[in-house]
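To start, the structure itself, in structure tokens.
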Amino acid sequence: MCGIVGYVGPKSALDVLLGGLRRLEYRGYDSAGVSVISEGEILTRKKAGKLSVLTEELESSPLSEASIGIGHTRWATHGAPTDGNAHPHTAGDQQISLIHNGIIENFSEIKKELEAAGVEFESETDTEVAAQLLAYEYSKTNDFEKSFLSVANRLQGAFTILAINRDDPDLVLAARRNSPLVIGIGEGENFLGSDVAAFVDHTKKAISVGQDQIVKLRQSGFELMNFAGEEVQAETFEVNWDASAASKGGWDSFMAKEISEEPQAVGDTLMGRLGADGDVELTEFAGLSIADIAGINRIIITACGTAAYAGEVAKYAIEQLARIPVSVELAHELRYRDPVIDENTLVVAISQSGETMDTLMAVRYATERGAKVLSICNTQGATLARESNATIYTHAGPEVAVASTKAFSAQITAGYLLALFLAKALGKTDQVAKVGKELLTLPRKVKKTLEMIGDVKALAEELKSTESVLFLGRNVGFPIAMEGALKLKELSYIHAEGFAAGELKHGPIALVEAGQVVIVIVPSPSAEESLHAKVLANIQEINARGAEVIAIAESGDVEVANYAKRVFYTPKTLPLLSPVLSVVPLHIFSMELAKAKGLDVDQPRNLAKSVTVE
Ligand code: G6P
């Protein structure tokens, strides 16, 4: 939700900024812009559309060389995606330039005050208010730092703002409240970014800026202070992936590459946490004692989007293995319904980015009520990890495509580890070794699933004019049906709904008519108390009404082939662990269908990867 980059150093500021924006474009891509200071002047270029529109503009009308600058890629909140509303926003007759990520809640009040003082506005954005206020304060004080502090204290809502001033061509000031900001520390150069992707090809030494903190960034170093102007200590961390991990590496899309990395994402998430005997060790639990765990009487898993479906799978695993009651709540609903949360509640927050505002707010709400918070997160230095008692990092590596694929596989895997860990801690060990050992086979089986899928392009081509697709699943297949439907909506803009297969006859069957495509996740025929026969009966009910069934089924399930137009087979595993495999064909199918429609699978319309506003 808006990408931010700042730079001071000897390199071409423009090159650094555009490189950073390229890596941050997943955060928003409806307009982009840069400002640099060159020979005492602020020079700005900004354009509606993707970053490529800006780079073309810069090629035809280059900016002068500069060693300081700020850059922004936007996901519009206030004001349409136009050139004028794009960031940076300049003010005070090009005195200062400012970029922003978040929502300034008191912008209209400040705007009225400034207008009454004679300030004229050029855009419809909340951001310009911050820029104009900063220029106005500076015109009175002639002190950039003091003016910036005063603006940071005046703004309400969520904001990371970066500002430069033509009178000080060696200083970027930044403030962070409720939106992410990371410092990159280089040799004789320094960086700011919404996340480490902004500067990872220049330095791996980073600092996660805390809530309500200000950064003074210069070529020679940086200072960190709170909103009262008092110095605060910084903790550095090393980024554990390199720039090549965030490049396409020969694939035609980030999504194709990231789906191909699902086996590795699962394997890396298990690495060092599961012994050959299936015994689980989670050192990350240091922030939560055994007494804390023993005192837990319920778990609430909270997340948004794809991460919430990973949470649904974790619910089945935790209840089956550790016998603790679990509910899954969308983060934006949780805190508005007066939920029962106390010190005996463990809240498990799942987020790839660790910056989703809805999830962060739910976590803060739960913490205030005494709950312990454990997060499952893919991003080092993320706010969510900072605000949790303990964090299980998913080691999926950087995920650039906006719709999540490999991070989802890693989140489910981390959910299984958590279930095993809780079961072990509570002495409920009867299934631990069996599930743990089978979990170790999953990276190989995910790889095998990818190999077994075969050509999906012909099917995608055939179905590209389809207007609606239904997804059915049962037990752990139900959240996978929901995830399949979400991915298809996100990528191909086709109406899609996921249902519990048992619910079919209670309503959704009314939608089934000749030609309707229904994708069914079929449970294993070999499981105890198998739901296989019941789901097969559902398939026949669908067929009887002329619909076309595509099935995801376990290898060896020949019966299902009699009723389905196409079957994607997955290797045998324990039913509980099957989601890691059955989701793979769904990810590929959605991607291929979107590609057949000529759509951009990495940057679907209207979406942003990291939603840092409520
Ligand atoms: C956005 C993205 C989704 C993602 C969700 C949660 O809505 O478009 O793909 O699943 O945020 O993101 P998180 O970073 O919290 O996992």
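Please note that chains go A, B, ... in the order of the structure tokens, that every chain numbers its residues from 1, and that ligands are numbered from 1 in the order shown.
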Residue set, range 359-599 of chain A restricted to alpha helix (DSSP H), as a CSV table (one decimal) with C-alpha atoms, in the first residue's frame:
chain,number,residue,atom,x,y,z
A,359,THR,CA,-4.1,-7.5,11.5
A,360,LEU,CA,-1.9,-5.1,13.5
A,361,MET,CA,-4.9,-3.4,15.0
A,362,ALA,CA,-6.4,-6.7,16.0
A,363,VAL,CA,-3.1,-7.7,17.7
A,364,ARG,CA,-3.0,-4.4,19.6
A,365,TYR,CA,-6.6,-4.9,20.7
A,366,ALA,CA,-5.8,-8.4,21.9
A,367,THR,CA,-2.6,-7.4,23.7
A,368,GLU,CA,-4.5,-4.6,25.6
A,383,THR,CA,5.9,-4.4,12.8
A,384,LEU,CA,3.8,-7.5,13.5
A,385,ALA,CA,6.9,-9.4,14.8
A,386,ARG,CA,7.9,-6.4,16.9
A,406,LYS,CA,4.4,-19.6,-1.8
A,407,ALA,CA,3.9,-17.6,1.3
A,408,PHE,CA,0.5,-19.4,1.7
A,409,SER,CA,2.2,-22.8,1.5
A,410,ALA,CA,4.7,-21.7,4.1
A,411,GLN,CA,2.0,-20.3,6.4
A,412,ILE,CA,0.1,-23.6,6.3
A,413,THR,CA,3.4,-25.4,7.1
A,414,ALA,CA,4.1,-23.1,10.0
A,415,GLY,CA,0.6,-23.8,11.3
A,416,TYR,CA,1.3,-27.5,11.3
A,417,LEU,CA,4.5,-26.9,13.3
A,418,LEU,CA,2.6,-24.8,15.8
A,419,ALA,CA,0.0,-27.5,16.2
A,420,LEU,CA,2.7,-30.1,16.8
A,421,PHE,CA,4.6,-27.9,19.2
A,422,LEU,CA,1.4,-27.2,21.2
A,423,ALA,CA,0.5,-30.9,21.3
A,424,LYS,CA,4.0,-31.7,22.5
A,425,ALA,CA,4.0,-29.0,25.1
A,432,VAL,CA,3.0,-36.0,16.9
A,433,ALA,CA,5.7,-38.3,15.5
A,434,LYS,CA,3.5,-39.7,12.7
A,435,VAL,CA,2.4,-36.2,11.6
A,436,GLY,CA,5.9,-34.8,12.1
A,437,LYS,CA,7.5,-37.5,10.0
A,438,GLU,CA,5.0,-37.1,7.2
A,439,LEU,CA,5.4,-33.3,7.3
A,440,LEU,CA,9.1,-33.9,6.4
A,441,THR,CA,8.0,-35.5,3.1
A,442,LEU,CA,6.0,-32.6,2.0
A,443,PRO,CA,8.7,-30.5,0.2
A,444,ARG,CA,9.3,-33.5,-2.1
A,445,LYS,CA,5.6,-34.1,-2.5
A,446,VAL,CA,4.9,-30.5,-3.4
A,447,LYS,CA,7.6,-30.8,-6.0
A,448,LYS,CA,6.0,-34.0,-7.3
A,449,THR,CA,2.6,-32.2,-7.5
A,450,LEU,CA,4.1,-29.5,-9.7
A,451,GLU,CA,5.6,-32.2,-12.0
A,452,MET,CA,2.3,-34.1,-12.1
A,457,LYS,CA,-2.7,-23.9,-20.8
A,458,ALA,CA,-5.2,-25.8,-23.1
A,459,LEU,CA,-7.7,-26.0,-20.3
A,460,ALA,CA,-7.1,-22.3,-19.4
A,461,GLU,CA,-7.6,-21.3,-23.1
A,462,GLU,CA,-10.9,-23.4,-23.2
A,463,LEU,CA,-12.2,-21.7,-20.1
A,477,GLY,CA,-10.4,-29.0,1.6
A,478,PHE,CA,-12.9,-26.3,2.5
A,479,PRO,CA,-10.4,-23.5,3.2
A,480,ILE,CA,-8.5,-24.6,0.0
A,481,ALA,CA,-11.7,-24.2,-2.0
A,482,MET,CA,-12.0,-20.7,-0.5
A,483,GLU,CA,-8.3,-19.9,-1.4
A,484,GLY,CA,-8.9,-21.3,-4.9
A,485,ALA,CA,-11.8,-19.0,-5.4
A,486,LEU,CA,-10.0,-16.0,-4.0
A,487,LYS,CA,-7.0,-16.6,-6.2
A,488,LEU,CA,-9.2,-16.9,-9.3
A,489,LYS,CA,-11.0,-13.6,-8.5
A,490,GLU,CA,-7.8,-11.8,-7.8
A,491,LEU,CA,-5.9,-12.9,-10.9
A,492,SER,CA,-8.5,-13.4,-13.6
A,532,HIS,CA,-14.6,-39.4,-0.2
A,533,ALA,CA,-18.0,-41.0,-0.9
A,534,LYS,CA,-19.9,-38.0,0.2
A,535,VAL,CA,-18.0,-35.6,-2.0
A,536,LEU,CA,-18.3,-38.0,-5.0
A,537,ALA,CA,-22.0,-37.9,-4.4
A,538,ASN,CA,-21.8,-34.1,-4.6
A,539,ILE,CA,-20.0,-34.4,-7.9
A,540,GLN,CA,-22.8,-36.6,-9.3
A,541,GLU,CA,-25.4,-34.1,-8.2
A,542,ILE,CA,-23.4,-31.4,-10.0
A,543,ASN,CA,-23.0,-33.6,-13.1
A,544,ALA,CA,-26.7,-34.4,-13.2
A,579,PRO,CA,-3.9,-28.7,1.7
A,580,VAL,CA,-0.2,-28.1,1.0
A,581,LEU,CA,-0.5,-30.3,-2.1
A,582,SER,CA,-4.1,-29.6,-3.3
A,583,VAL,CA,-3.6,-25.9,-3.4
A,584,VAL,CA,-0.8,-26.2,-6.0
A,585,PRO,CA,-3.0,-27.0,-9.0
A,586,LEU,CA,-5.4,-24.2,-8.0
A,587,HIS,CA,-2.6,-21.7,-7.9
A,588,ILE,CA,-1.4,-22.8,-11.4
A,589,PHE,CA,-4.9,-22.9,-12.8
A,590,SER,CA,-5.7,-19.4,-11.7
A,591,MET,CA,-2.4,-18.1,-13.1
A,592,GLU,CA,-2.8,-19.8,-16.4
A,593,LEU,CA,-6.4,-18.6,-16.8
A,594,ALA,CA,-5.4,-15.0,-16.1
A,595,LYS,CA,-2.5,-15.3,-18.6
A,596,ALA,CA,-4.9,-16.8,-21.2
Based on the backbone DSSP call, show me all residues of range 142-247 of chain A assigned strand (DSSP E), as a ChimeraX atom specification.
/A:157-165,172-177,182-185,190-193,205-208,213-218,221-226,236-238
Please, which residues in chain A fall within 9 Å of ligand 1 when counting only C-alpha atoms and all ligand atoms, and what is the closest atom pair and distance in Å to one decimal for each, ordered by chain then residue number, as a Markdown table?
| residue | atom | partner | partner_atom_place_in_ligand_line | distance |
| --- | --- | --- | --- | --- |
| A:Ala303 | CA | ligand 1 | 15 (O) | 6.3 |
| A:Cys304 | CA | ligand 1 | 6 (C) | 4.7 |
| A:Gly305 | CA | ligand 1 | 10 (O) | 3.9 |
| A:Thr306 | CA | ligand 1 | 10 (O) | 3.8 |
| A:Ala307 | CA | ligand 1 | 16 (O) | 5.0 |
| A:Ala308 | CA | ligand 1 | 10 (O) | 7.6 |
| A:Tyr309 | CA | ligand 1 | 10 (O) | 8.8 |
| A:Ala349 | CA | ligand 1 | 15 (O) | 8.8 |
| A:Ile350 | CA | ligand 1 | 16 (O) | 6.5 |
| A:Ser351 | CA | ligand 1 | 16 (O) | 3.4 |
| A:Gln352 | CA | ligand 1 | 16 (O) | 3.6 |
| A:Ser353 | CA | ligand 1 | 14 (O) | 3.6 |
| A:Gly354 | CA | ligand 1 | 14 (O) | 5.6 |
| A:Glu355 | CA | ligand 1 | 14 (O) | 6.3 |
| A:Thr356 | CA | ligand 1 | 15 (O) | 4.6 |
| A:Met357 | CA | ligand 1 | 15 (O) | 8.1 |
| A:Asp358 | CA | ligand 1 | 15 (O) | 8.3 |
| A:Thr359 | CA | ligand 1 | 15 (O) | 6.7 |
| A:Leu360 | CA | ligand 1 | 15 (O) | 8.9 |
| A:Cys377 | CA | ligand 1 | 16 (O) | 7.8 |
| A:Asn378 | CA | ligand 1 | 14 (O) | 8.3 |
| A:Thr379 | CA | ligand 1 | 14 (O) | 8.9 |
| A:Ala401 | CA | ligand 1 | 9 (O) | 8.8 |
| A:Val402 | CA | ligand 1 | 9 (O) | 5.8 |
| A:Ala403 | CA | ligand 1 | 9 (O) | 4.2 |
| A:Ser404 | CA | ligand 1 | 9 (O) | 5.0 |
| A:Thr405 | CA | ligand 1 | 9 (O) | 8.6 |
| A:Ala407 | CA | ligand 1 | 16 (O) | 8.0 |
| A:Phe408 | CA | ligand 1 | 16 (O) | 8.2 |
| A:Leu486 | CA | ligand 1 | 9 (O) | 8.9 |
| A:Lys487 | CA | ligand 1 | 9 (O) | 8.4 |
| A:Glu490 | CA | ligand 1 | 8 (O) | 7.9 |
| A:Leu607 | CA | ligand 1 | 8 (O) | 5.4 |
| A:Ala608 | CA | ligand 1 | 8 (O) | 5.1 |
| A:Lys609 | CA | ligand 1 | 2 (C) | 4.4 |
| A:Ser610 | CA | ligand 1 | 14 (O) | 5.3 |
| A:Val611 | CA | ligand 1 | 1 (C) | 5.5 |
| A:Thr612 | CA | ligand 1 | 11 (O) | 8.9 |
The residue from A:Pro325, A:Gly515, A:Gly370, A:Gly92 with the smallest atom-to-atom distance to Asp342 in chain A, counting only C-alpha atoms, is A:Gly370
Test item: residues at most 7 Å from range 238-243 of chain A, only C-alpha atoms, excluding those fewer than 5 positions along its chain, as an MDAnalysis selection string
chainID A and resid 200:201 204:206 397
